[in-house]
Amino acid sequence: MRAGGADHVVLDHGDDLAEQVRGIWPDGPDYILDLVGAPTTVDSLHLVRAGGTVCVSGMLSGSWAIPSFEPVAMIPSGTKLTAYHSDDFKGAAGASALQRILDEVAAGTYQPNIDRVFRLDDIVEAHRYMEANQATGKVIAVP
């Protein structure tokens with residue numbers, strides 16, 4: 001993540017994430033990109049600084065639904081909740097992003113985040129690896 005430009009990398013060990021974040025930003029960060037989804041969205045809304053933005057862009061939890069979600073009660077005043085998903089880049093809307101990637105591939109500068117390469121004969125193991133949420137990048141199968 002640092003190689004990708006992140007100033008701070010915080011690992012969620014399941015018990016001290018808010019403490020770690022507050023150690024870096026006592027008032028909370030300006031933005032939070034929440035890739036987990038439903039189980040962490042409300043926590044993210046309370047962790048971001050007053051007036052900050054939380055963008056939900058994943059559902060590693062397997063669910064988009066936040067049980068008993070009451071926006072007026074659960075979103076702090078002035079805090080923004082937004083979402084991003086890859087459907088935003090369907091068809092012509094994705095052309096510039098795809099062209100940028102193609103240009104970088106052609107120039108030899110594209111740096112994909114490849115986690116692991118499996119042989120096609122090991123496709124069952126590859127799926128188990130992905131389904132166990134072990135991948136931290138793209139999982140590739142080759143002949």
# chains A, B, ... in the order shown; residues from 1 in each chain; ligands from 1
$ residues_around --residues "Val10 in chain A" --least-positions-apart "5" --cutoff "8 Å" --atoms "only C-alpha atoms" --output "CSV table (one decimal) with N, CA and C atoms, in the first residue's frame"
chain,number,residue,atom,x,y,z
A,17,LEU,N,-8.7,-1.2,16.0
A,17,LEU,CA,-8.6,-0.3,14.8
A,17,LEU,C,-8.8,1.1,15.1
A,20,GLN,N,-5.9,2.7,16.8
A,20,GLN,CA,-4.8,2.9,15.9
A,20,GLN,C,-5.0,4.1,15.0
A,21,VAL,N,-6.2,4.3,14.5
A,21,VAL,CA,-6.6,5.4,13.6
A,21,VAL,C,-6.5,6.7,14.4
$ select_by_dssp --residues "chain A" --states "strand (DSSP E or B)" --output "list in words"
Tyr31, Ile32, Leu33, Asp34, Thr53, Val54, Cys55, Val56, Lys80, Leu81, Thr82, Ala83, Ile114, Asp115, Arg116, Val117, Phe118, Arg119, Lys138, Val139, Ile140, Ala141 and Val142 of chain A
$ residues_around --residues "Ser68 in chain A" --least-positions-apart "6" --cutoff "12 Å" --atoms "only C-alpha atoms" --output "VMD selection string"
chain A and resid 38 to 39 42 74
$ atom_distance --atom1 "CA of Arg49 in chain A" --atom2 "CA of Thr79 in chain A"
8.0 Å
$ select_by_dssp --residues "range 11-89 of chain A" --states "helix (DSSP H, G or I)" --output "PyMOL selection string"
chain A and resi 17-24+38-47+71-74+86-89
$ residues_around --residues "range 1-4 of chain A" --least-positions-apart "3" --cutoff "12 Å" --atoms "only C-alpha atoms" --output "ChimeraX atom specification"
/A:7-11,111-113,136-137
$ closest_residue --among "A:Val54, A:Leu35, A:Ile123, A:Ala141" --to "Lys80 in chain A" --atoms "only C-alpha atoms"
A:Val54
$ residues_around --residues "Asp121 in chain A" --least-positions-apart "6" --cutoff "12 Å" --atoms "only C-alpha atoms" --output "JSON list (two decimals) with C-alpha atoms, in the first residue's frame"
[["chain", "number", "residue", "atom", "x", "y", "z"],
["A", 127, "HIS", "CA", -11.07, -20.93, -5.44],
["A", 141, "ALA", "CA", -4.76, -19.18, -13.25],
["A", 142, "VAL", "CA", -2.39, -20.20, -16.03],
["A", 143, "PRO", "CA", -2.33, -23.34, -18.19]]
$ atom_distance --atom1 "CA of Gly28 in chain A" --atom2 "CA of Val56 in chain A"
16.9 Å
$ closest_residue --among "A:Ile24, A:Ala126, A:Ala106, A:Ala83" --to "Gly58 in chain A" --atoms "only C-alpha atoms"
A:Ala83
$ closest_residue --among "A:Ile32, A:Gln99, A:Ala132, A:Ile140" --to "Val117 in chain A" --atoms "only C-alpha atoms"
A:Ile140
$ residues_around --residues "Val48 in chain A" --least-positions-apart "4" --cutoff "7 Å" --atoms "only C-alpha atoms" --output "VMD selection string"
chain A and resid 28 to 32 44 52 to 53
$ write_last_selection --atoms "N, CA, C and O atoms" --output "PDB file, in the first residue's frame"
ATOM      1  N   GLY A  28      -9.962  11.987  13.662  1.00  0.00           N
ATOM      2  CA  GLY A  28     -10.436  11.083  12.622  1.00  0.00           C
ATOM      3  C   GLY A  28      -9.927  11.510  11.262  1.00  0.00           C
ATOM      4  O   GLY A  28      -9.626  12.686  11.048  1.00  0.00           O
ATOM      5  N   PRO A  29      -9.828  10.577  10.328  1.00  0.00           N
ATOM      6  CA  PRO A  29      -9.378  10.908   8.977  1.00  0.00           C
ATOM      7  C   PRO A  29     -10.464  11.663   8.213  1.00  0.00           C
ATOM      8  O   PRO A  29     -11.643  11.617   8.571  1.00  0.00           O
ATOM      9  N   ASP A  30     -10.056  12.367   7.163  1.00  0.00           N
ATOM     10  CA  ASP A  30     -11.020  13.081   6.317  1.00  0.00           C
ATOM     11  C   ASP A  30     -11.893  12.120   5.533  1.00  0.00           C
ATOM     12  O   ASP A  30     -13.069  12.392   5.286  1.00  0.00           O
ATOM     13  N   TYR A  31     -11.300  11.003   5.115  1.00  0.00           N
ATOM     14  CA  TYR A  31     -12.002  10.036   4.266  1.00  0.00           C
ATOM     15  C   TYR A  31     -11.719   8.624   4.753  1.00  0.00           C
ATOM     16  O   TYR A  31     -10.617   8.329   5.201  1.00  0.00           O
ATOM     17  N   ILE A  32     -12.707   7.767   4.619  1.00  0.00           N
ATOM     18  CA  ILE A  32     -12.532   6.344   4.883  1.00  0.00           C
ATOM     19  C   ILE A  32     -13.091   5.589   3.688  1.00  0.00           C
ATOM     20  O   ILE A  32     -14.224   5.821   3.268  1.00  0.00           O
ATOM     21  N   SER A  44     -17.286   3.031  10.718  1.00  0.00           N
ATOM     22  CA  SER A  44     -16.536   3.963   9.873  1.00  0.00           C
ATOM     23  C   SER A  44     -17.134   5.360   9.942  1.00  0.00           C
ATOM     24  O   SER A  44     -16.404   6.355   9.980  1.00  0.00           O
ATOM     25  N   GLY A  52     -16.476  14.515   7.622  1.00  0.00           N
ATOM     26  CA  GLY A  52     -15.713  13.675   6.695  1.00  0.00           C
ATOM     27  C   GLY A  52     -16.610  12.825   5.819  1.00  0.00           C
ATOM     28  O   GLY A  52     -17.842  12.894   5.893  1.00  0.00           O
ATOM     29  N   THR A  53     -15.989  12.001   4.995  1.00  0.00           N
ATOM     30  CA  THR A  53     -16.716  11.174   4.037  1.00  0.00           C
ATOM     31  C   THR A  53     -16.322   9.714   4.180  1.00  0.00           C
ATOM     32  O   THR A  53     -15.141   9.391   4.260  1.00  0.00           O
TER      33      THR A  53
END
$ atom_distance --atom1 "CA of Cys55 in chain A" --atom2 "CA of Tyr84 in chain A"
6.9 Å
